[in-house]
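Shown next, in structure tokens, is the structure this report addresses.
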Amino acid sequence: MLRRSGCRSVVVDETSEKQLPALLEASEAPLLIVLPHRDSVEDLVSRWPLHRFLGGRDLVSHESWRSPDVRPDSIAYLLFTSGSTGIPKGVMVSHRNVQSYLDFITQRLCINQEDRFSQMFDMTFDLSVADMFVAWERGACICCPPENMLVNPGRFINDARLTIWFSVPSTAVFMKRLGALKPGTYPGLRVSMFCGEALPVDVAKAWIEAAPNSVVDNIYGPTELTIACTCYRWDSARSPLEAEHGVVPIGEPFPGMVPVVVDEALMEVLPGEDGELLMTGPQLSLGYWNDPTKTAASFVKLGDRSEIFYRTGDRVRRPVGEGPLLYRGRVDNQIKVLGHRVELGEVEAVVREESGVDAVVALGWPQAPAGAGGVEIFLQADDPVDPALRYRVAKRLPVYMAPRRYHCLTRFPVNANGKYDRRALIQLLEAM
Ligand code: AMP
């Protein structure tokens, strides 16, 4: 990501300094490294002559800082997401994109200075942008759980006196399993938001009981449409009737965002029919950094309409008559593991390279409404997997993408089109 982004400077804090040598070893271009916590950077200067280092004493006072000239279409951040060909894609998100999101959410949730936000996301996940900037835009407080609280998020809610909760549904699923969603446990919450994967109905119901003074919003959206772009507020009377397959609807688009549901030929489908969700509007990001081919494949024109739409790859349905958008799954091999977006193709590409085996299928397993528990690999091979392969693959992937188990089959089942039959492989996992 460092190389692909063309990054020129890096700010390193005390806890992440231990990662610095690995990062510098991998970097061929000179970097400016800023370490505000350090008085002296002499040892680094002599060890890494290619790079420039600045410590806290080298920095000027914040009073002499002038904000850079930022136009609405300037890139605010690049966020890398899993890429199906094995290379992560850097989504270019503009200031206009983020501001549109912030304007709507701060007003929808009436954020004020008394609010205290959770911060449950890694900074590599764009939902962290929401927490920070929604809170700071209105002078609210943001509370970061210490590492040991992550295993007991419920205690964190009350200890930190949170008023706003935002997490992936998997965290709530985990809390429910732990027995941490007992009725009335979190009276201080006034807003609970979930995003990143499908929200199971039974989890939404349990959450509302545990946080009786809170609304529950299911918000939906890919990084390419800036954090989230549709929302649905749970209503205890209406929602159980509107939900399908035990999953909470994704609701209505944010202001200015335009959804279209299309078939494989990109023709609009009728209400009541499943199709892929395409969207455009002020939150449509600028495409993928330095990758016109992937940008052109996902940011498309529709018929004679002038706008560019992003193809989400999400299967949705608009019910006949009035009703919220329903989430129906994916049209491709992208899955969610604990809210993280995983292209199974990316895992397959890494396993293929490391094993030298061409026939590789990655699957999300076990499967649950909110996403998969992890990734499992099938290899078409006669011999069992070399244990060193597991290590080499794990080293190249984030923890949540590293395959948990490898299965060797002499011959893969194929479907009518001669393709590897993923469904048959799932059945094999079910039978194990
Ligand atoms: P990311 O770019 O990592 O935010 O992942 C975006 C993808 O997560 C979407 O394309 C959906 O597949 C999934 N997703 C996000 N929010 C929801 C939601 N509320 N319900 C169902 N799926 C969701």
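By order in the structure tokens, chains are A, B, ...; within a chain, residues start at 1; ligands start at 1, following the order shown.
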* Asked: What residues have any atom no more than 9 Å from ligand 1 when counting only C-alpha atoms and all ligand atoms, and can you list them as a ChimeraX atom specification?
  -> /A:81-82,125-127,168-169,194-199,217-228,230-232,247-250,312-315,326-330,334-336,339-342,370-371
* To do: Mind checking which residues fall within 8 Å of segment 133-138 of chain A, counting only C-alpha atoms, ignoring those fewer than 5 positions away in the same chain, and posting them as a PyMOL selection string?
  => chain A and resi 102+105-106+111-113+115-117
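Selecting helix (DSSP H, G or I) from the backbone DSSP output for segment 190-266 of chain A yields Val201, Asp202, Val203, Ala204, Lys205, Ala206, Trp207, Ile208, Glu209, Ala210, Thr223, Glu224, Leu225, Ser239, Pro240, Leu241 and Glu242 of chain A.
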Keeping only N, CA and C atoms, write the selected residues as a JSON list (two decimals), in the first residue's frame.
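What follows is the written file again.json:
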```json
[["chain", "number", "residue", "atom", "x", "y", "z"],
["A", 201, "VAL", "N", -31.84, -9.90, 12.33],
["A", 201, "VAL", "CA", -33.01, -9.38, 13.02],
["A", 201, "VAL", "C", -32.96, -9.70, 14.52],
["A", 202, "ASP", "N", -32.57, -10.93, 14.87],
["A", 202, "ASP", "CA", -32.60, -11.28, 16.30],
["A", 202, "ASP", "C", -31.57, -10.46, 17.09],
["A", 203, "VAL", "N", -30.51, -10.04, 16.42],
["A", 203, "VAL", "CA", -29.51, -9.21, 17.10],
["A", 203, "VAL", "C", -30.06, -7.79, 17.30],
["A", 204, "ALA", "N", -30.73, -7.27, 16.26],
["A", 204, "ALA", "CA", -31.32, -5.93, 16.38],
["A", 204, "ALA", "C", -32.34, -5.92, 17.53],
["A", 205, "LYS", "N", -33.15, -6.98, 17.60],
["A", 205, "LYS", "CA", -34.18, -7.05, 18.66],
["A", 205, "LYS", "C", -33.52, -7.09, 20.04],
["A", 206, "ALA", "N", -32.50, -7.92, 20.17],
["A", 206, "ALA", "CA", -31.84, -8.04, 21.48],
["A", 206, "ALA", "C", -31.16, -6.73, 21.86],
["A", 207, "TRP", "N", -30.61, -6.05, 20.84],
["A", 207, "TRP", "CA", -29.91, -4.79, 21.13],
["A", 207, "TRP", "C", -30.88, -3.74, 21.66],
["A", 208, "ILE", "N", -32.03, -3.63, 20.98],
["A", 208, "ILE", "CA", -33.05, -2.64, 21.39],
["A", 208, "ILE", "C", -33.47, -2.89, 22.84],
["A", 209, "GLU", "N", -33.57, -4.15, 23.22],
["A", 209, "GLU", "CA", -33.96, -4.45, 24.60],
["A", 209, "GLU", "C", -32.85, -4.10, 25.58],
["A", 210, "ALA", "N", -31.60, -4.34, 25.14],
["A", 210, "ALA", "CA", -30.47, -4.05, 26.02],
["A", 210, "ALA", "C", -30.25, -2.54, 26.15],
["A", 223, "THR", "N", -17.00, 1.27, 0.62],
["A", 223, "THR", "CA", -15.99, 2.34, 0.71],
["A", 223, "THR", "C", -16.10, 3.28, -0.49],
["A", 224, "GLU", "N", -16.39, 2.72, -1.66],
["A", 224, "GLU", "CA", -16.43, 3.52, -2.89],
["A", 224, "GLU", "C", -17.57, 4.54, -2.87],
["A", 225, "LEU", "N", -18.57, 4.35, -1.99],
["A", 225, "LEU", "CA", -19.64, 5.34, -1.88],
["A", 225, "LEU", "C", -19.52, 6.09, -0.56],
["A", 239, "SER", "N", -40.66, -3.32, 11.57],
["A", 239, "SER", "CA", -39.47, -3.94, 10.98],
["A", 239, "SER", "C", -39.54, -5.47, 10.87],
["A", 240, "PRO", "N", -40.08, -6.19, 11.88],
["A", 240, "PRO", "CA", -40.11, -7.65, 11.72],
["A", 240, "PRO", "C", -40.90, -8.06, 10.47],
["A", 241, "LEU", "N", -41.86, -7.23, 10.06],
["A", 241, "LEU", "CA", -42.65, -7.56, 8.86],
["A", 241, "LEU", "C", -41.88, -7.19, 7.58],
["A", 242, "GLU", "N", -41.05, -6.14, 7.67],
["A", 242, "GLU", "CA", -40.33, -5.69, 6.47],
["A", 242, "GLU", "C", -39.08, -6.52, 6.20]]
```
* Between A:Cys141, A:Glu343, A:Asn152, A:Phe299, which is the closest to Leu286 of chain A once you count only C-alpha atoms? ->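 For Leu286 of chain A, the nearest of the given residues is A:Phe299.
Atom pair atom CA of Ser214 of chain A / atom CA of Ser236 of chain A: separated by 12.2 Å.
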* Structure fact -> Residue with the minimum atom-to-atom distance to Ile426 of chain A, picked from A:Gly179, A:Pro187, A:Gly364, A:Gly246 with only C-alpha atoms counted, is A:Gly364
* DSSP strand (DSSP E) residues within segment 215-321 of chain A, listed as a ChimeraX atom specification -> /A:215-220,230-233,252-253,258-262,274-280,299-301,308-317
* **Trp165 of chain A environment, 8 Å, only C-alpha atoms, sequence neighbours closer than 3 positions dropped, as a list in words** =>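 Skipping anything fewer than 3 positions along the chain leaves Phe117, Ser118, Ile157, Leu162, Leu189, Val191, Ser192 and Met193 of chain A.
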How would the residues just picked look written out with all heavy atoms as a compact mmCIF listing (two decimals), in the first residue's frame?
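Result file follows (out.txt):
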```txt
# COMPACT_ATOMS: atom_id res chain seq x y z
N PHE A 117 -18.85 9.10 21.79
CA PHE A 117 -18.86 8.08 20.73
C PHE A 117 -17.95 6.91 21.06
O PHE A 117 -16.86 7.10 21.60
CB PHE A 117 -18.28 8.67 19.43
CG PHE A 117 -19.27 9.43 18.61
CD1 PHE A 117 -19.78 10.65 19.04
CD2 PHE A 117 -19.67 8.94 17.38
CE1 PHE A 117 -20.66 11.36 18.26
CE2 PHE A 117 -20.55 9.65 16.59
CZ PHE A 117 -21.06 10.86 17.04
N SER A 118 -18.35 5.74 20.61
CA SER A 118 -17.42 4.60 20.60
C SER A 118 -16.48 4.77 19.40
O SER A 118 -16.81 5.48 18.44
CB SER A 118 -18.18 3.29 20.45
OG SER A 118 -18.85 3.25 19.21
N ILE A 157 -19.11 0.19 27.13
CA ILE A 157 -20.25 1.10 26.88
C ILE A 157 -20.60 1.86 28.16
O ILE A 157 -20.74 3.08 28.16
CB ILE A 157 -21.49 0.31 26.39
CG1 ILE A 157 -21.20 -0.32 25.03
CG2 ILE A 157 -22.72 1.21 26.33
CD1 ILE A 157 -22.34 -1.16 24.47
N LEU A 162 -20.91 5.92 27.17
CA LEU A 162 -21.18 6.20 25.76
C LEU A 162 -22.63 6.59 25.55
O LEU A 162 -23.53 6.05 26.21
CB LEU A 162 -20.87 4.96 24.90
CG LEU A 162 -19.45 4.43 24.91
CD1 LEU A 162 -19.33 3.22 23.98
CD2 LEU A 162 -18.46 5.50 24.51
N LEU A 189 -27.18 4.71 26.23
CA LEU A 189 -27.07 4.86 24.77
C LEU A 189 -28.32 5.53 24.21
O LEU A 189 -29.43 5.15 24.56
CB LEU A 189 -26.90 3.50 24.09
CG LEU A 189 -25.56 2.79 24.25
CD1 LEU A 189 -25.60 1.45 23.51
CD2 LEU A 189 -24.42 3.65 23.70
N VAL A 191 -28.13 6.39 20.61
CA VAL A 191 -28.07 5.99 19.20
C VAL A 191 -27.16 4.76 19.08
O VAL A 191 -26.07 4.75 19.66
CB VAL A 191 -27.45 7.11 18.32
CG1 VAL A 191 -27.22 6.60 16.90
CG2 VAL A 191 -28.31 8.36 18.30
N SER A 192 -27.61 3.75 18.34
CA SER A 192 -26.75 2.60 18.04
C SER A 192 -26.77 2.41 16.53
O SER A 192 -27.85 2.32 15.94
CB SER A 192 -27.29 1.34 18.71
OG SER A 192 -27.46 1.57 20.09
N MET A 193 -25.58 2.38 15.95
CA MET A 193 -25.50 2.22 14.49
C MET A 193 -24.70 0.97 14.17
O MET A 193 -23.69 0.69 14.83
CB MET A 193 -24.78 3.41 13.87
CG MET A 193 -25.62 4.65 13.78
SD MET A 193 -24.84 5.83 12.65
CE MET A 193 -23.36 6.22 13.52
```
